[in-house]
file work24.pdb (PDB, C-alpha atoms, pLDDT in the B column)
ATOM      1  CA  MET A   1      97.351  87.958 138.486  1.00 57.00           C
ATOM      2  CA  ALA A   2      99.887  90.743 137.946  1.00 86.00           C
ATOM      3  CA  ILE A   3     103.458  91.423 138.921  1.00 88.00           C
ATOM      4  CA  GLU A   4     103.785  94.555 141.027  1.00 91.00           C
ATOM      5  CA  VAL A   5     107.106  96.389 141.048  1.00 93.00           C
ATOM      6  CA  ARG A   6     107.784  97.773 144.528  1.00 93.00           C
ATOM      7  CA  LEU A   7     110.662  99.995 143.521  1.00 93.00           C
ATOM      8  CA  ASP A   8     109.050 103.084 145.028  1.00 92.00           C
ATOM      9  CA  ASP A   9     108.792 101.477 148.482  1.00 93.00           C
ATOM     10  CA  LEU A  10     112.376 100.224 148.395  1.00 94.00           C
ATOM     11  CA  LEU A  11     113.722 103.603 147.281  1.00 94.00           C
ATOM     12  CA  HIS A  12     111.734 105.354 150.011  1.00 94.00           C
ATOM     13  CA  ALA A  13     113.032 102.949 152.687  1.00 93.00           C
ATOM     14  CA  ARG A  14     116.611 103.622 151.592  1.00 92.00           C
ATOM     15  CA  ARG A  15     116.128 107.381 151.202  1.00 93.00           C
ATOM     16  CA  MET A  16     117.171 107.166 147.567  1.00 93.00           C
ATOM     17  CA  THR A  17     115.799 108.882 144.484  1.00 94.00           C
ATOM     18  CA  LEU A  18     115.229 107.273 141.111  1.00 93.00           C
ATOM     19  CA  THR A  19     118.023 109.489 139.755  1.00 93.00           C
ATOM     20  CA  ASP A  20     120.461 108.135 142.389  1.00 93.00           C
ATOM     21  CA  LEU A  21     119.515 104.596 141.427  1.00 94.00           C
ATOM     22  CA  SER A  22     119.846 105.440 137.744  1.00 92.00           C
ATOM     23  CA  HIS A  23     123.458 106.579 138.314  1.00 92.00           C
ATOM     24  CA  ALA A  24     124.257 103.588 140.536  1.00 93.00           C
ATOM     25  CA  VAL A  25     122.960 100.857 138.180  1.00 91.00           C
ATOM     26  CA  ASP A  26     123.753 102.655 134.904  1.00 87.00           C
ATOM     27  CA  ILE A  27     120.210 102.370 133.556  1.00 88.00           C
ATOM     28  CA  THR A  28     118.501 105.410 132.092  1.00 87.00           C
ATOM     29  CA  LEU A  29     116.038 107.325 134.214  1.00 88.00           C
ATOM     30  CA  ALA A  30     113.399 106.813 131.516  1.00 86.00           C
ATOM     31  CA  ASN A  31     113.749 103.022 131.692  1.00 88.00           C
ATOM     32  CA  LEU A  32     113.714 102.969 135.486  1.00 91.00           C
ATOM     33  CA  SER A  33     110.611 105.130 135.391  1.00 91.00           C
ATOM     34  CA  ILE A  34     108.933 102.615 133.046  1.00 90.00           C
ATOM     35  CA  LEU A  35     109.868  99.863 135.503  1.00 91.00           C
ATOM     36  CA  LYS A  36     108.633 101.830 138.513  1.00 91.00           C
ATOM     37  CA  THR A  37     105.258 102.627 136.964  1.00 89.00           C
ATOM     38  CA  GLY A  38     104.697  98.988 136.010  1.00 86.00           C
ATOM     39  CA  LYS A  39     104.724  99.642 132.275  1.00 85.00           C
ATOM     40  CA  ALA A  40     107.645  97.295 131.560  1.00 87.00           C
ATOM     41  CA  LYS A  41     106.759  93.984 129.908  1.00 84.00           C
ATOM     42  CA  ALA A  42     109.924  92.200 131.007  1.00 88.00           C
ATOM     43  CA  ILE A  43     113.032  92.679 133.109  1.00 91.00           C
ATOM     44  CA  ARG A  44     116.496  91.307 132.337  1.00 90.00           C
ATOM     45  CA  PHE A  45     118.295  89.254 135.018  1.00 93.00           C
ATOM     46  CA  SER A  46     121.213  91.686 134.715  1.00 91.00           C
ATOM     47  CA  THR A  47     118.903  94.632 135.518  1.00 92.00           C
ATOM     48  CA  LEU A  48     117.322  92.775 138.420  1.00 94.00           C
ATOM     49  CA  GLU A  49     120.731  91.840 139.810  1.00 95.00           C
ATOM     50  CA  ALA A  50     122.052  95.406 139.508  1.00 94.00           C
ATOM     51  CA  ILE A  51     119.040  96.921 141.259  1.00 95.00           C
ATOM     52  CA  CYS A  52     119.070  94.291 144.021  1.00 95.00           C
ATOM     53  CA  ARG A  53     122.787  94.809 144.640  1.00 95.00           C
ATOM     54  CA  VAL A  54     122.392  98.591 144.945  1.00 95.00           C
ATOM     55  CA  LEU A  55     119.230  98.401 147.082  1.00 95.00           C
ATOM     56  CA  ASP A  56     120.595  95.438 149.042  1.00 94.00           C
ATOM     57  CA  CYS A  57     117.466  93.369 148.603  1.00 95.00           C
ATOM     58  CA  GLN A  58     116.223  90.112 147.080  1.00 95.00           C
ATOM     59  CA  PRO A  59     114.284  89.914 143.774  1.00 95.00           C
ATOM     60  CA  GLY A  60     111.233  88.938 145.827  1.00 94.00           C
ATOM     61  CA  ASP A  61     111.422  92.263 147.668  1.00 94.00           C
ATOM     62  CA  LEU A  62     111.254  94.122 144.379  1.00 94.00           C
ATOM     63  CA  LEU A  63     108.641  92.013 142.583  1.00 94.00           C
ATOM     64  CA  THR A  64     105.434  90.662 144.102  1.00 92.00           C
ATOM     65  CA  ILE A  65     102.403  88.982 142.636  1.00 91.00           C
ATOM     66  CA  THR A  66      99.071  90.710 143.230  1.00 86.00           C
ATOM     67  CA  ASP A  67      95.528  89.470 142.668  1.00 79.00           C
ATOM     68  CA  GLN A  68      94.728  92.249 140.241  1.00 71.00           C
ATOM     69  CA  PRO A  69      94.485  91.093 136.608  1.00 64.00           C
ATOM     70  CA  GLY A  70      97.539  91.840 134.454  1.00 56.00           C
ATOM     71  CA  GLU A  71      97.803  92.851 130.787  1.00 51.00           C
ATOM     72  CA  ALA A  72      98.262  89.288 129.574  1.00 45.00           C
ATOM     73  CA  GLU A  73      94.943  88.150 131.019  1.00 41.00           C
TER      74      GLU A  73
ATOM     75  CA  MET B   1     124.413 108.195 100.630  1.00 52.00           C
ATOM     76  CA  GLN B   2     123.996 105.190  98.274  1.00 58.00           C
ATOM     77  CA  ARG B   3     120.966 103.913 100.170  1.00 63.00           C
ATOM     78  CA  ASP B   4     119.238 107.279 100.028  1.00 79.00           C
ATOM     79  CA  ARG B   5     119.783 107.414  96.283  1.00 85.00           C
ATOM     80  CA  VAL B   6     118.151 103.997  95.841  1.00 87.00           C
ATOM     81  CA  LEU B   7     115.225 105.163  97.953  1.00 87.00           C
ATOM     82  CA  LYS B   8     114.838 108.403  96.030  1.00 88.00           C
ATOM     83  CA  LEU B   9     115.063 106.560  92.701  1.00 92.00           C
ATOM     84  CA  SER B  10     112.449 104.018  93.835  1.00 91.00           C
ATOM     85  CA  ASN B  11     110.162 106.815  94.956  1.00 91.00           C
ATOM     86  CA  ALA B  12     110.590 108.669  91.657  1.00 93.00           C
ATOM     87  CA  LEU B  13     109.891 105.461  89.674  1.00 95.00           C
ATOM     88  CA  LEU B  14     106.778 104.822  91.746  1.00 95.00           C
ATOM     89  CA  TRP B  15     105.485 108.312  90.933  1.00 96.00           C
ATOM     90  CA  VAL B  16     106.119 107.658  87.222  1.00 97.00           C
ATOM     91  CA  MET B  17     104.201 104.375  87.528  1.00 96.00           C
ATOM     92  CA  PHE B  18     101.455 106.170  89.472  1.00 96.00           C
ATOM     93  CA  TRP B  19     100.833 108.598  86.592  1.00 97.00           C
ATOM     94  CA  LEU B  20     101.287 105.919  83.898  1.00 96.00           C
ATOM     95  CA  ASN B  21      98.679 103.891  85.760  1.00 96.00           C
ATOM     96  CA  ILE B  22      96.242 106.801  85.600  1.00 96.00           C
ATOM     97  CA  VAL B  23      96.980 107.245  81.866  1.00 97.00           C
ATOM     98  CA  GLY B  24      96.392 103.487  81.421  1.00 95.00           C
ATOM     99  CA  ALA B  25      93.056 103.704  83.245  1.00 96.00           C
ATOM    100  CA  ALA B  26      91.990 106.617  81.044  1.00 96.00           C
ATOM    101  CA  ALA B  27      93.020 104.730  77.897  1.00 95.00           C
ATOM    102  CA  PHE B  28      91.144 101.549  78.859  1.00 94.00           C
ATOM    103  CA  LEU B  29      88.049 103.540  79.803  1.00 95.00           C
ATOM    104  CA  ALA B  30      88.271 105.599  76.607  1.00 95.00           C
ATOM    105  CA  PHE B  31      88.408 102.447  74.488  1.00 93.00           C
ATOM    106  CA  VAL B  32      85.375 100.914  76.227  1.00 93.00           C
ATOM    107  CA  LEU B  33      83.409 104.144  75.736  1.00 93.00           C
ATOM    108  CA  PHE B  34      84.630 104.439  72.120  1.00 92.00           C
ATOM    109  CA  SER B  35      83.566 100.852  71.378  1.00 90.00           C
ATOM    110  CA  PHE B  36      80.018 101.738  72.465  1.00 90.00           C
ATOM    111  CA  GLY B  37      79.857 105.261  71.056  1.00 91.00           C
ATOM    112  CA  PHE B  38      81.506 104.469  67.709  1.00 91.00           C
ATOM    113  CA  HIS B  39      80.577 100.812  67.405  1.00 89.00           C
ATOM    114  CA  GLN B  40      79.980 100.935  63.657  1.00 90.00           C
ATOM    115  CA  MET B  41      83.329 102.614  62.958  1.00 90.00           C
ATOM    116  CA  LEU B  42      85.167  99.991  65.011  1.00 90.00           C
ATOM    117  CA  PHE B  43      83.155  97.229  63.356  1.00 90.00           C
ATOM    118  CA  ASP B  44      84.117  98.499  59.881  1.00 90.00           C
ATOM    119  CA  LEU B  45      87.806  98.787  60.804  1.00 89.00           C
ATOM    120  CA  LEU B  46      87.925  95.223  62.124  1.00 88.00           C
ATOM    121  CA  ALA B  47      85.790  93.886  59.260  1.00 86.00           C
ATOM    122  CA  ARG B  48      88.276  95.366  56.771  1.00 86.00           C
ATOM    123  CA  LYS B  49      91.178  93.689  58.560  1.00 85.00           C
ATOM    124  CA  TYR B  50      89.617  90.240  58.979  1.00 82.00           C
ATOM    125  CA  ALA B  51      87.483  90.284  55.780  1.00 79.00           C
ATOM    126  CA  GLY B  52      84.736  87.955  57.018  1.00 75.00           C
ATOM    127  CA  ARG B  53      87.124  85.445  58.605  1.00 79.00           C
ATOM    128  CA  LEU B  54      85.542  85.805  62.042  1.00 83.00           C
ATOM    129  CA  ASP B  55      82.549  87.124  63.985  1.00 86.00           C
ATOM    130  CA  ILE B  56      83.412  90.827  64.447  1.00 89.00           C
ATOM    131  CA  ASP B  57      80.754  91.446  67.122  1.00 88.00           C
ATOM    132  CA  MET B  58      82.236  88.678  69.222  1.00 89.00           C
ATOM    133  CA  LEU B  59      85.707  90.147  68.712  1.00 90.00           C
ATOM    134  CA  ILE B  60      84.474  93.537  69.938  1.00 92.00           C
ATOM    135  CA  VAL B  61      82.996  91.881  73.044  1.00 92.00           C
ATOM    136  CA  ALA B  62      86.384  90.199  73.641  1.00 91.00           C
ATOM    137  CA  MET B  63      88.191  93.529  73.235  1.00 92.00           C
ATOM    138  CA  ARG B  64      85.822  95.223  75.681  1.00 93.00           C
ATOM    139  CA  SER B  65      86.405  92.373  78.145  1.00 94.00           C
ATOM    140  CA  LEU B  66      90.172  92.841  77.857  1.00 93.00           C
ATOM    141  CA  MET B  67      89.883  96.581  78.496  1.00 94.00           C
ATOM    142  CA  THR B  68      87.625  95.966  81.517  1.00 94.00           C
ATOM    143  CA  ILE B  69      90.176  93.474  82.856  1.00 95.00           C
ATOM    144  CA  GLY B  70      92.796  96.163  82.209  1.00 95.00           C
ATOM    145  CA  LEU B  71      90.818  98.533  84.452  1.00 95.00           C
ATOM    146  CA  ALA B  72      90.866  95.894  87.204  1.00 95.00           C
ATOM    147  CA  ALA B  73      94.659  95.607  86.748  1.00 96.00           C
ATOM    148  CA  VAL B  74      94.937  99.400  87.125  1.00 96.00           C
ATOM    149  CA  ALA B  75      93.039  99.225  90.440  1.00 96.00           C
ATOM    150  CA  VAL B  76      95.365  96.476  91.692  1.00 96.00           C
ATOM    151  CA  ALA B  77      98.454  98.417  90.588  1.00 96.00           C
ATOM    152  CA  TRP B  78      97.076 101.493  92.404  1.00 96.00           C
ATOM    153  CA  VAL B  79      97.002  99.535  95.682  1.00 96.00           C
ATOM    154  CA  ILE B  80     100.554  98.216  95.202  1.00 97.00           C
ATOM    155  CA  ILE B  81     102.000 101.621  94.259  1.00 97.00           C
ATOM    156  CA  ARG B  82     100.328 103.508  97.123  1.00 96.00           C
ATOM    157  CA  GLN B  83     101.318 100.896  99.721  1.00 96.00           C
ATOM    158  CA  LEU B  84     104.925 100.857  98.468  1.00 95.00           C
ATOM    159  CA  GLN B  85     105.062 104.653  98.624  1.00 95.00           C
ATOM    160  CA  ALA B  86     103.834 104.520 102.224  1.00 95.00           C
ATOM    161  CA  ILE B  87     106.496 101.916 103.108  1.00 95.00           C
ATOM    162  CA  ILE B  88     109.229 104.037 101.511  1.00 93.00           C
ATOM    163  CA  ALA B  89     107.990 107.054 103.503  1.00 92.00           C
ATOM    164  CA  THR B  90     108.508 105.132 106.762  1.00 92.00           C
ATOM    165  CA  VAL B  91     112.051 104.167 105.669  1.00 89.00           C
ATOM    166  CA  ALA B  92     112.784 107.822 104.938  1.00 86.00           C
ATOM    167  CA  ALA B  93     111.333 108.764 108.349  1.00 87.00           C
ATOM    168  CA  GLY B  94     113.813 106.365 109.975  1.00 85.00           C
ATOM    169  CA  ASP B  95     111.547 103.659 111.411  1.00 86.00           C
ATOM    170  CA  PRO B  96     110.248 101.120 108.888  1.00 89.00           C
ATOM    171  CA  PHE B  97     109.877  98.219 111.347  1.00 89.00           C
ATOM    172  CA  VAL B  98     106.347  99.072 112.437  1.00 90.00           C
ATOM    173  CA  ALA B  99     103.161  97.011 112.487  1.00 90.00           C
ATOM    174  CA  ALA B 100     101.603  99.296 109.855  1.00 94.00           C
ATOM    175  CA  ASN B 101     104.218  98.172 107.324  1.00 95.00           C
ATOM    176  CA  ALA B 102     103.421  94.519 108.041  1.00 94.00           C
ATOM    177  CA  ARG B 103      99.785  95.334 107.211  1.00 95.00           C
ATOM    178  CA  ARG B 104     100.906  97.183 104.074  1.00 97.00           C
ATOM    179  CA  LEU B 105     102.936  94.162 102.926  1.00 96.00           C
ATOM    180  CA  GLN B 106      99.889  91.989 103.561  1.00 96.00           C
ATOM    181  CA  ALA B 107      97.802  94.381 101.431  1.00 97.00           C
ATOM    182  CA  ILE B 108     100.437  94.177  98.661  1.00 97.00           C
ATOM    183  CA  GLY B 109     100.250  90.366  98.887  1.00 97.00           C
ATOM    184  CA  CYS B 110      96.463  90.507  98.470  1.00 97.00           C
ATOM    185  CA  ALA B 111      96.857  92.922  95.545  1.00 97.00           C
ATOM    186  CA  LEU B 112      99.395  90.594  93.899  1.00 97.00           C
ATOM    187  CA  LEU B 113      96.950  87.730  94.351  1.00 97.00           C
ATOM    188  CA  GLY B 114      94.335  89.906  92.645  1.00 96.00           C
ATOM    189  CA  TRP B 115      96.866  90.640  89.900  1.00 95.00           C
ATOM    190  CA  GLN B 116      97.343  86.909  89.314  1.00 96.00           C
ATOM    191  CA  LEU B 117      93.576  86.404  89.088  1.00 96.00           C
ATOM    192  CA  VAL B 118      93.361  89.312  86.632  1.00 95.00           C
ATOM    193  CA  ASP B 119      96.132  87.627  84.625  1.00 95.00           C
ATOM    194  CA  LEU B 120      94.172  84.352  84.568  1.00 95.00           C
ATOM    195  CA  ALA B 121      91.029  86.190  83.415  1.00 95.00           C
ATOM    196  CA  MET B 122      93.069  87.922  80.710  1.00 93.00           C
ATOM    197  CA  GLY B 123      94.509  84.576  79.639  1.00 94.00           C
ATOM    198  CA  GLY B 124      91.020  83.147  79.332  1.00 93.00           C
ATOM    199  CA  VAL B 125      89.872  86.018  77.098  1.00 93.00           C
ATOM    200  CA  ILE B 126      93.054  85.865  74.972  1.00 93.00           C
ATOM    201  CA  ILE B 127      92.663  82.111  74.414  1.00 92.00           C
ATOM    202  CA  TRP B 128      88.986  82.613  73.522  1.00 90.00           C
ATOM    203  CA  THR B 129      89.911  85.462  71.137  1.00 90.00           C
ATOM    204  CA  ALA B 130      92.550  83.294  69.459  1.00 88.00           C
ATOM    205  CA  ARG B 131      89.991  80.477  69.048  1.00 87.00           C
ATOM    206  CA  ILE B 132      87.561  82.713  67.186  1.00 86.00           C
ATOM    207  CA  GLY B 133      90.393  83.465  64.768  1.00 83.00           C
ATOM    208  CA  ALA B 134      91.700  86.880  65.854  1.00 83.00           C
ATOM    209  CA  ASP B 135      95.396  87.787  65.993  1.00 82.00           C
ATOM    210  CA  THR B 136      96.638  87.742  69.598  1.00 83.00           C
ATOM    211  CA  GLY B 137     100.014  88.038  71.274  1.00 81.00           C
ATOM    212  CA  GLY B 138      99.392  84.717  73.027  1.00 84.00           C
ATOM    213  CA  TRP B 139      99.370  84.040  76.748  1.00 88.00           C
ATOM    214  CA  THR B 140     101.259  81.772  79.157  1.00 89.00           C
ATOM    215  CA  PRO B 141     100.548  81.315  82.872  1.00 89.00           C
ATOM    216  CA  ASN B 142     102.772  83.477  85.095  1.00 90.00           C
ATOM    217  CA  VAL B 143     104.269  80.898  87.480  1.00 93.00           C
ATOM    218  CA  ALA B 144     106.873  83.368  88.811  1.00 95.00           C
ATOM    219  CA  GLY B 145     104.049  85.763  89.704  1.00 95.00           C
ATOM    220  CA  TRP B 146     102.415  83.133  91.929  1.00 96.00           C
ATOM    221  CA  LEU B 147     105.765  82.497  93.636  1.00 97.00           C
ATOM    222  CA  VAL B 148     106.296  86.240  94.226  1.00 97.00           C
ATOM    223  CA  THR B 149     102.762  86.508  95.662  1.00 97.00           C
ATOM    224  CA  LEU B 150     103.534  83.665  98.072  1.00 97.00           C
ATOM    225  CA  LEU B 151     106.871  85.277  98.954  1.00 97.00           C
ATOM    226  CA  VAL B 152     105.199  88.604  99.819  1.00 97.00           C
ATOM    227  CA  PHE B 153     102.623  86.882 102.048  1.00 97.00           C
ATOM    228  CA  VAL B 154     105.435  85.031 103.886  1.00 97.00           C
ATOM    229  CA  LEU B 155     107.491  88.241 104.224  1.00 96.00           C
ATOM    230  CA  ALA B 156     104.440  90.098 105.558  1.00 96.00           C
ATOM    231  CA  ARG B 157     104.030  87.432 108.244  1.00 95.00           C
ATOM    232  CA  VAL B 158     107.760  87.546 109.102  1.00 95.00           C
ATOM    233  CA  PHE B 159     107.540  91.342 109.313  1.00 93.00           C
ATOM    234  CA  ALA B 160     104.472  91.175 111.576  1.00 92.00           C
ATOM    235  CA  VAL B 161     106.165  88.751 113.990  1.00 91.00           C
ATOM    236  CA  GLY B 162     109.403  90.776 113.863  1.00 91.00           C
ATOM    237  CA  THR B 163     107.717  94.058 114.738  1.00 89.00           C
ATOM    238  CA  ARG B 164     105.839  92.390 117.599  1.00 85.00           C
ATOM    239  CA  MET B 165     109.137  90.980 118.935  1.00 83.00           C
ATOM    240  CA  ARG B 166     110.727  94.414 118.690  1.00 84.00           C
ATOM    241  CA  ASP B 167     107.824  96.013 120.549  1.00 77.00           C
ATOM    242  CA  GLU B 168     108.270  93.485 123.349  1.00 74.00           C
ATOM    243  CA  LEU B 169     112.020  94.024 123.454  1.00 79.00           C
ATOM    244  CA  GLU B 170     111.513  97.782 123.643  1.00 77.00           C
ATOM    245  CA  SER B 171     109.498  97.305 126.829  1.00 77.00           C
ATOM    246  CA  THR B 172     112.203  95.107 128.369  1.00 85.00           C
ATOM    247  CA  ILE B 173     114.251  96.888 130.979  1.00 85.00           C
TER     248      ILE B 173
END
call {"tool": "encode", "arguments": {"input": "work24.pdb", "output": "structure tokens"}}
result
Amino acid sequence: MAIEVRLDDLLHARRMTLTDLSHAVDITLANLSILKTGKAKAIRFSTLEAICRVLDCQPGDLLTITDQPGEAE
Amino acid sequence: MQRDRVLKLSNALLWVMFWLNIVGAAAFLAFVLFSFGFHQMLFDLLARKYAGRLDIDMLIVAMRSLMTIGLAAVAVAWVIIRQLQAIIATVAAGDPFVAANARRLQAIGCALLGWQLVDLAMGGVIIWTARIGADTGGWTPNVAGWLVTLLVFVLARVFAVGTRMRDELESTI
């Protein structure tokens, strides 16, 4: 199983760009891009909280488990 | 900067050792070849010194063994010097905490282990040479060397785990 980051969908629904989010949560565009493309190995609670506050969502809206095998498997 | 000076000095010393090591290899090899090519001359020189007190042929075999062990020591030193130079290059480049350096430390640990085995072999030949009656400088086991070897293996493991932790942290957003 793998964790899928649904940042793209959330940004699209809120008509926001990754750059807007980067300014709002004070995380570099490069790091948000890593998160968006699913290349991140871990996410800090502080990052999760900041993104959820700006996008007005729950952590479960951002992260979902898929049936596709992840890197650890 | 003080740290840069230490690094430059270490690098310069390693290059000196690198060339001394090559000179050492040439000297050991030259002696082995000389002992075969000019066996009679060497025999006469040693016979004059020891005046029938010991078996000169056996002494020559012991000397050849020591020089061959010396060649093995040169090979081990080569590994240590080259790996250290590579580690220093990564420090100079600004990022020494990489998995490659953990592998290099591991290689240095293996080389040091080889060095200790070479030392034991040398000790054996020196003790044998002393028993047949030749003058030797004596030999004592290098306990500190074994401890340093162990230390390098432990440090290599610590380094490997540390670099892996850093890699994981770098991918944490």
call {"tool": "atom_distance", "arguments": {"input": "work24.pdb", "atom1": "CA of Leu29 (chain B)", "atom2": "CA of Ala86 (chain B)"}}
result
27.4 Å
call {"tool": "residues_around", "arguments": {"input": "work24.pdb", "residues": "Gly114 (chain B)", "least_positions_apart": "4", "cutoff": "10 Å", "atoms": "all atoms listed in the file", "output": "list of chain:residue names"}}
result
B:Ala72, B:Ala73, B:Ala75, B:Val76, B:Ala77, B:Ile108, B:Gly109, B:Cys110, B:Val118, B:Asp119, B:Leu120, B:Thr149
call {"tool": "interface_residues", "arguments": {"input": "work24.pdb", "of": "chain A", "to": "chain B", "cutoff": "12 Å", "atoms": "all atoms listed in the file", "output": "number ranges by chain"}}
result
A: 25-36, 38-48, 50-51
call {"tool": "resolve_selection", "arguments": {"input": "work24.pdb", "expression": "the PyMOL selection byres ((chain B and resi 62) around 12)", "output": "JSON, numbers by chain"}}
result
{"B": [32, 35, 55, 56, 57, 58, 59, 60, 61, 63, 64, 65, 66, 67, 68, 69, 121, 122, 123, 124, 125, 126, 127, 128, 129, 130, 131, 132, 133, 134, 136]}
call {"tool": "atom_distance", "arguments": {"input": "work24.pdb", "atom1": "CA of Leu21 (chain A)", "atom2": "CA of Val54 (chain A)"}}
result
7.5 Å
call {"tool": "atom_distance", "arguments": {"input": "work24.pdb", "atom1": "CA of Ala99 (chain B)", "atom2": "CA of Leu84 (chain B)"}}
result
14.6 Å
call {"tool": "resolve_selection", "arguments": {"input": "work24.pdb", "expression": "the PyMOL selection byres ((chain A and resi 1-9) around 6)", "output": "VMD selection string"}}
result
chain A and resid 10 to 12 36 62 to 70
call {"tool": "resolve_selection", "arguments": {"input": "work24.pdb", "expression": "the PyMOL selection byres ((chain B and resi 17) around 12)", "output": "list in words"}}
result
Ser10, Asn11, Ala12, Leu13, Leu14, Trp15, Val16, Phe18, Trp19, Leu20, Asn21, Ile22, Val23, Gly24, Ala25, Val74, Ala77, Trp78, Val79, Ile80, Ile81, Arg82, Leu84 and Gln85 of chain B
call {"tool": "axis_aligned_box", "arguments": {"input": "work24.pdb", "around": "region 30-39 of chain A", "padding_each_side": "5 Å", "output": "JSON"}}
result
{"center_x": 109.2, "center_y": 102.9, "center_z": 135.0, "size_x": 19.1, "size_y": 17.8, "size_z": 17.0}
call {"tool": "build_atoms", "arguments": {"input": "work24.pdb", "residues": "region 17-29 of chain A", "atoms": "N, CA, C and O atoms", "output": "CSV table (one decimal), keeping the file's coordinate frame"}}
result
chain,number,residue,atom,x,y,z
A,17,THR,N,116.7,108.4,145.6
A,17,THR,CA,115.8,108.9,144.5
A,17,THR,C,116.0,108.0,143.3
A,17,THR,O,117.0,107.2,143.2
A,18,LEU,N,115.1,108.1,142.3
A,18,LEU,CA,115.2,107.3,141.1
A,18,LEU,C,116.5,107.7,140.3
A,18,LEU,O,117.2,106.9,139.7
A,19,THR,N,116.8,109.0,140.4
A,19,THR,CA,118.0,109.5,139.8
A,19,THR,C,119.3,108.9,140.4
A,19,THR,O,120.2,108.5,139.6
A,20,ASP,N,119.3,108.8,141.7
A,20,ASP,CA,120.5,108.1,142.4
A,20,ASP,C,120.6,106.7,141.9
A,20,ASP,O,121.7,106.2,141.6
A,21,LEU,N,119.5,106.0,141.9
A,21,LEU,CA,119.5,104.6,141.4
A,21,LEU,C,120.0,104.5,140.0
A,21,LEU,O,120.8,103.6,139.6
A,22,SER,N,119.5,105.4,139.2
A,22,SER,CA,119.8,105.4,137.7
A,22,SER,C,121.4,105.5,137.6
A,22,SER,O,122.0,104.8,136.8
A,23,HIS,N,122.0,106.4,138.4
A,23,HIS,CA,123.5,106.6,138.3
A,23,HIS,C,124.2,105.3,138.8
A,23,HIS,O,125.1,104.9,138.3
A,24,ALA,N,123.6,104.7,139.9
A,24,ALA,CA,124.3,103.6,140.5
A,24,ALA,C,124.2,102.3,139.7
A,24,ALA,O,125.2,101.5,139.7
A,25,VAL,N,123.1,102.1,139.0
A,25,VAL,CA,123.0,100.9,138.2
A,25,VAL,C,123.2,101.1,136.7
A,25,VAL,O,123.2,100.1,135.9
A,26,ASP,N,123.5,102.3,136.3
A,26,ASP,CA,123.8,102.7,134.9
A,26,ASP,C,122.6,102.3,134.0
A,26,ASP,O,122.8,101.6,132.9
A,27,ILE,N,121.4,102.6,134.4
A,27,ILE,CA,120.2,102.4,133.6
A,27,ILE,C,119.5,103.7,133.5
A,27,ILE,O,119.5,104.5,134.5
A,28,THR,N,119.0,104.1,132.3
A,28,THR,CA,118.5,105.4,132.1
A,28,THR,C,117.3,105.7,133.0
A,28,THR,O,116.6,104.7,133.4
A,29,LEU,N,117.1,106.9,133.3
A,29,LEU,CA,116.0,107.3,134.2
A,29,LEU,C,114.7,107.0,133.6
A,29,LEU,O,113.8,106.5,134.2
